[in-house]
>>> print(open('final_16.pdb').read())   # PDB, C-alpha atoms
ATOM      1  CA  MET A  55       0.000   0.000   0.000
ATOM      2  CA  SER A  56       1.386   3.398  -0.914
ATOM      3  CA  SER A  57       1.379   6.370   1.400
ATOM      4  CA  THR A  58      -1.138   9.208   1.248
ATOM      5  CA  LYS A  59       1.169  11.579   3.104
ATOM      6  CA  PRO A  60       1.514  14.652   0.810
ATOM      7  CA  SER A  61       5.291  14.911   1.150
ATOM      8  CA  LYS A  62       5.738  11.251   0.205
ATOM      9  CA  VAL A  63       3.330  11.554  -2.724
ATOM     10  CA  ARG A  64       5.247  14.599  -4.034
ATOM     11  CA  LYS A  65       8.527  12.730  -3.637
ATOM     12  CA  ARG A  66       7.155   9.712  -5.530
ATOM     13  CA  VAL A  67       5.927  11.924  -8.379
ATOM     14  CA  LEU A  68       9.126  13.970  -8.651
ATOM     15  CA  ASN A  69      11.408  10.917  -8.516
ATOM     16  CA  ALA A  70       9.301   8.780 -10.857
ATOM     17  CA  PRO A  71      11.012   7.207 -13.882
ATOM     18  CA  TRP A  72      10.137   8.554 -17.336
ATOM     19  CA  HIS A  73       7.807   5.685 -18.280
ATOM     20  CA  VAL A  74       5.673   6.436 -15.192
ATOM     21  CA  ARG A  75       5.808  10.206 -15.869
ATOM     22  CA  ASN A  76       4.436   9.543 -19.360
ATOM     23  CA  LYS A  77       1.299   8.091 -17.765
ATOM     24  CA  MET A  78       0.936  11.310 -15.759
ATOM     25  CA  LEU A  79       0.737  13.266 -19.025
ATOM     26  CA  ASN A  80      -2.418  11.472 -20.164
ATOM     27  CA  ALA A  81      -5.451  13.570 -21.031
ATOM     28  CA  ARG A  82      -9.054  12.652 -21.773
ATOM     29  CA  LEU A  83     -10.224  12.334 -25.339
ATOM     30  CA  SER A  84     -13.312  14.151 -26.591
ATOM     31  CA  ASP A  85     -16.485  12.041 -26.815
ATOM     32  CA  GLU A  86     -16.254  11.668 -30.603
ATOM     33  CA  LEU A  87     -12.572  10.565 -30.483
ATOM     34  CA  ARG A  88     -13.314   8.230 -27.584
ATOM     35  CA  SER A  89     -16.030   6.459 -29.572
ATOM     36  CA  LYS A  90     -13.808   6.360 -32.693
ATOM     37  CA  TYR A  91     -10.730   4.851 -31.021
ATOM     38  CA  GLY A  92     -12.272   3.083 -28.025
ATOM     39  CA  VAL A  93      -9.766   4.701 -25.652
ATOM     40  CA  LYS A  94     -10.532   7.033 -22.746
ATOM     41  CA  THR A  95      -7.142   8.738 -22.342
ATOM     42  CA  VAL A  96      -4.078   9.312 -24.502
ATOM     43  CA  ARG A  97      -0.712  10.872 -23.774
ATOM     44  CA  VAL A  98      -0.626  14.517 -24.877
ATOM     45  CA  ARG A  99       1.847  15.336 -27.650
ATOM     46  CA  LYS A 100       3.048  18.461 -29.390
ATOM     47  CA  GLY A 101       0.651  19.253 -32.231
ATOM     48  CA  ASP A 102      -2.504  17.862 -30.582
ATOM     49  CA  SER A 103      -5.453  20.258 -30.373
ATOM     50  CA  VAL A 104      -6.824  20.612 -26.859
ATOM     51  CA  LYS A 105      -9.584  22.433 -25.003
ATOM     52  CA  ILE A 106      -8.846  23.671 -21.487
ATOM     53  CA  VAL A 107     -11.653  22.704 -19.101
ATOM     54  CA  ARG A 108     -10.427  23.967 -15.713
ATOM     55  CA  GLY A 109      -8.911  27.119 -14.289
ATOM     56  CA  GLU A 110      -8.508  30.684 -15.478
ATOM     57  CA  PHE A 111      -8.310  29.738 -19.165
ATOM     58  CA  ALA A 112     -11.267  27.303 -19.220
ATOM     59  CA  GLY A 113     -12.910  27.117 -22.636
ATOM     60  CA  VAL A 114      -9.808  28.132 -24.600
ATOM     61  CA  GLU A 115      -8.897  25.862 -27.511
ATOM     62  CA  GLY A 116      -5.499  25.646 -29.184
ATOM     63  CA  LYS A 117      -2.629  23.448 -30.265
ATOM     64  CA  VAL A 118      -0.073  22.082 -27.821
ATOM     65  CA  THR A 119       3.197  23.934 -28.410
ATOM     66  CA  SER A 120       5.352  22.053 -25.877
ATOM     67  CA  VAL A 121       5.192  19.226 -23.359
ATOM     68  CA  ASP A 122       7.383  19.389 -20.241
ATOM     69  CA  LEU A 123       7.976  15.877 -18.932
ATOM     70  CA  LYS A 124       9.862  17.106 -15.872
ATOM     71  CA  THR A 125       7.005  19.260 -14.507
ATOM     72  CA  GLY A 126       4.176  17.276 -16.122
ATOM     73  CA  ARG A 127       2.710  20.376 -17.774
ATOM     74  CA  ILE A 128       1.900  21.499 -21.306
ATOM     75  CA  THR A 129       1.775  24.872 -23.025
ATOM     76  CA  VAL A 130      -1.111  25.729 -25.343
ATOM     77  CA  GLU A 131      -1.044  28.130 -28.279
ATOM     78  CA  GLY A 132      -2.678  31.450 -27.369
ATOM     79  CA  VAL A 133      -2.528  31.000 -23.581
ATOM     80  CA  PHE A 134      -0.249  33.707 -22.208
ATOM     81  CA  ARG A 135       0.206  35.737 -19.046
ATOM     82  CA  GLU A 136       2.024  39.036 -18.692
ATOM     83  CA  ASN A 137       5.041  38.887 -16.390
ATOM     84  CA  ILE A 138       6.401  41.673 -14.199
ATOM     85  CA  ARG A 139       8.477  43.099 -17.084
ATOM     86  CA  GLY A 140       5.449  43.257 -19.354
ATOM     87  CA  GLU A 141       6.483  40.323 -21.553
ATOM     88  CA  GLN A 142       4.068  37.628 -22.716
ATOM     89  CA  VAL A 143       4.919  34.298 -21.047
ATOM     90  CA  PRO A 144       3.193  31.009 -21.948
ATOM     91  CA  VAL A 145       1.150  29.509 -19.112
ATOM     92  CA  LYS A 146       1.897  25.875 -18.271
ATOM     93  CA  ILE A 147      -1.223  23.763 -17.733
ATOM     94  CA  HIS A 148      -1.515  20.316 -16.170
ATOM     95  CA  ALA A 149      -2.414  17.646 -18.728
ATOM     96  CA  SER A 150      -5.382  16.404 -16.694
ATOM     97  CA  LYS A 151      -7.088  19.796 -17.049
ATOM     98  CA  VAL A 152      -7.512  19.538 -20.834
ATOM     99  CA  ILE A 153      -9.549  17.479 -23.287
ATOM    100  CA  ILE A 154      -7.930  16.407 -26.553
ATOM    101  CA  THR A 155     -10.141  17.486 -29.476
ATOM    102  CA  SER A 156      -7.914  16.283 -32.337
ATOM    103  CA  LEU A 157      -4.842  14.092 -32.415
ATOM    104  CA  ASN A 158      -1.545  14.661 -34.203
ATOM    105  CA  LEU A 159      -1.186  11.393 -36.148
ATOM    106  CA  GLU A 160       2.028  12.203 -38.044
ATOM    107  CA  ASP A 161       3.819   9.516 -36.002
ATOM    108  CA  LYS A 162       3.180   6.113 -37.631
ATOM    109  CA  LEU A 163       3.644   4.211 -34.360
ATOM    110  CA  ARG A 164       1.052   6.296 -32.512
ATOM    111  CA  LYS A 165      -1.421   5.843 -35.376
ATOM    112  CA  GLU A 166      -0.841   2.068 -35.482
ATOM    113  CA  LYS A 167      -1.320   1.752 -31.709
ATOM    114  CA  LEU A 168      -4.635   3.624 -31.817
ATOM    115  CA  GLU A 169      -5.867   1.596 -34.798
ATOM    116  CA  ALA A 170      -4.878  -1.642 -33.050
ATOM    117  CA  ARG A 171      -6.920  -0.611 -30.004
ATOM    118  CA  THR A 172      -9.850   0.214 -32.301
ATOM    119  CA  SER A 173      -9.782  -3.231 -33.894
ATOM    120  CA  LYS A 174      -9.694  -4.890 -30.439
ATOM    121  CA  VAL A 175     -12.796  -2.935 -29.406
ATOM    122  CA  GLU A 176     -14.627  -3.944 -32.606
ATOM    123  CA  VAL A 177     -13.773  -7.636 -32.073
ATOM    124  CA  ALA A 178     -14.974  -7.529 -28.448
ATOM    125  CA  GLN A 179     -18.383  -6.055 -29.350
TER     126      GLN A 179
END
>>> encode(input="final_16.pdb", output="structure tokens")
Amino acid sequence: MSSTKPSKVRKRVLNAPWHVRNKMLNARLSDELRSKYGVKTVRVRKGDSVKIVRGEFAGVEGKVTSVDLKTGRITVEGVFRENIRGEQVPVKIHASKVIITSLNLEDKLRKEKLEARTSKVEVAQ
């Protein structure tokens, strides 16, 4: 059984290996993509289109411009905040606070994995 003590949870997250951190960057798929691929969540990648559903920027849609594996956050096109010097700085958003509206399928492996999951769902039904 793992601890629920906040300090230990933070330590486990910050010291997690990269394959576990990848799981932390999963985001929900929109209803239409979920029915198409038969998958509830997918790892967010650069180039995916997302809609922010929580926080100050809720309702904003845009493309993912970068994914930070170390902090577990993503930056979305058009989501900026002004810093103390007056410069526009991109706001980093946690991956769980967005819904993926369209996937970047330029990567053949990602496309094949999703299609394989789709065929498994069709066989099971």
>>> residues_around(input="final_16.pdb", residues="A:Lys117", least_positions_apart="4", cutoff="6 Å", atoms="all atoms listed in the file", output="number ranges by chain")
A: 101-103, 130-131
>>> resolve_selection(input="final_16.pdb", expression="the PyMOL selection byres ((chain A and resi 145) around 8)", output="ChimeraX atom specification")
/A:129-130,133-135,143-144,146-147
>>> resolve_selection(input="final_16.pdb", expression="the PyMOL selection byres ((chain A and resi 83-98) around 9)", output="tab-separated table (two decimals) with C-alpha atoms, keeping the file's coordinate frame")
chain	number	residue	atom	x	y	z
A	76	ASN	CA	4.44	9.54	-19.36
A	77	LYS	CA	1.30	8.09	-17.76
A	78	MET	CA	0.94	11.31	-15.76
A	79	LEU	CA	0.74	13.27	-19.02
A	80	ASN	CA	-2.42	11.47	-20.16
A	81	ALA	CA	-5.45	13.57	-21.03
A	82	ARG	CA	-9.05	12.65	-21.77
A	99	ARG	CA	1.85	15.34	-27.65
A	100	LYS	CA	3.05	18.46	-29.39
A	101	GLY	CA	0.65	19.25	-32.23
A	102	ASP	CA	-2.50	17.86	-30.58
A	104	VAL	CA	-6.82	20.61	-26.86
A	118	VAL	CA	-0.07	22.08	-27.82
A	121	VAL	CA	5.19	19.23	-23.36
A	128	ILE	CA	1.90	21.50	-21.31
A	149	ALA	CA	-2.41	17.65	-18.73
A	152	VAL	CA	-7.51	19.54	-20.83
A	153	ILE	CA	-9.55	17.48	-23.29
A	154	ILE	CA	-7.93	16.41	-26.55
A	155	THR	CA	-10.14	17.49	-29.48
A	156	SER	CA	-7.91	16.28	-32.34
A	157	LEU	CA	-4.84	14.09	-32.42
A	168	LEU	CA	-4.64	3.62	-31.82
A	169	GLU	CA	-5.87	1.60	-34.80
A	170	ALA	CA	-4.88	-1.64	-33.05
A	171	ARG	CA	-6.92	-0.61	-30.00
A	172	THR	CA	-9.85	0.21	-32.30
A	173	SER	CA	-9.78	-3.23	-33.89
A	174	LYS	CA	-9.69	-4.89	-30.44
A	175	VAL	CA	-12.80	-2.94	-29.41
A	176	GLU	CA	-14.63	-3.94	-32.61
>>> resolve_selection(input="final_16.pdb", expression="the PyMOL selection byres ((chain A and resi 67) around 12)", output="VMD selection string")
chain A and resid 60 to 66 68 to 79 123 to 126
>>> atom_distance(input="final_16.pdb", atom1="atom CA of A:Arg127", atom2="atom CA of A:His148")
4.5 Å
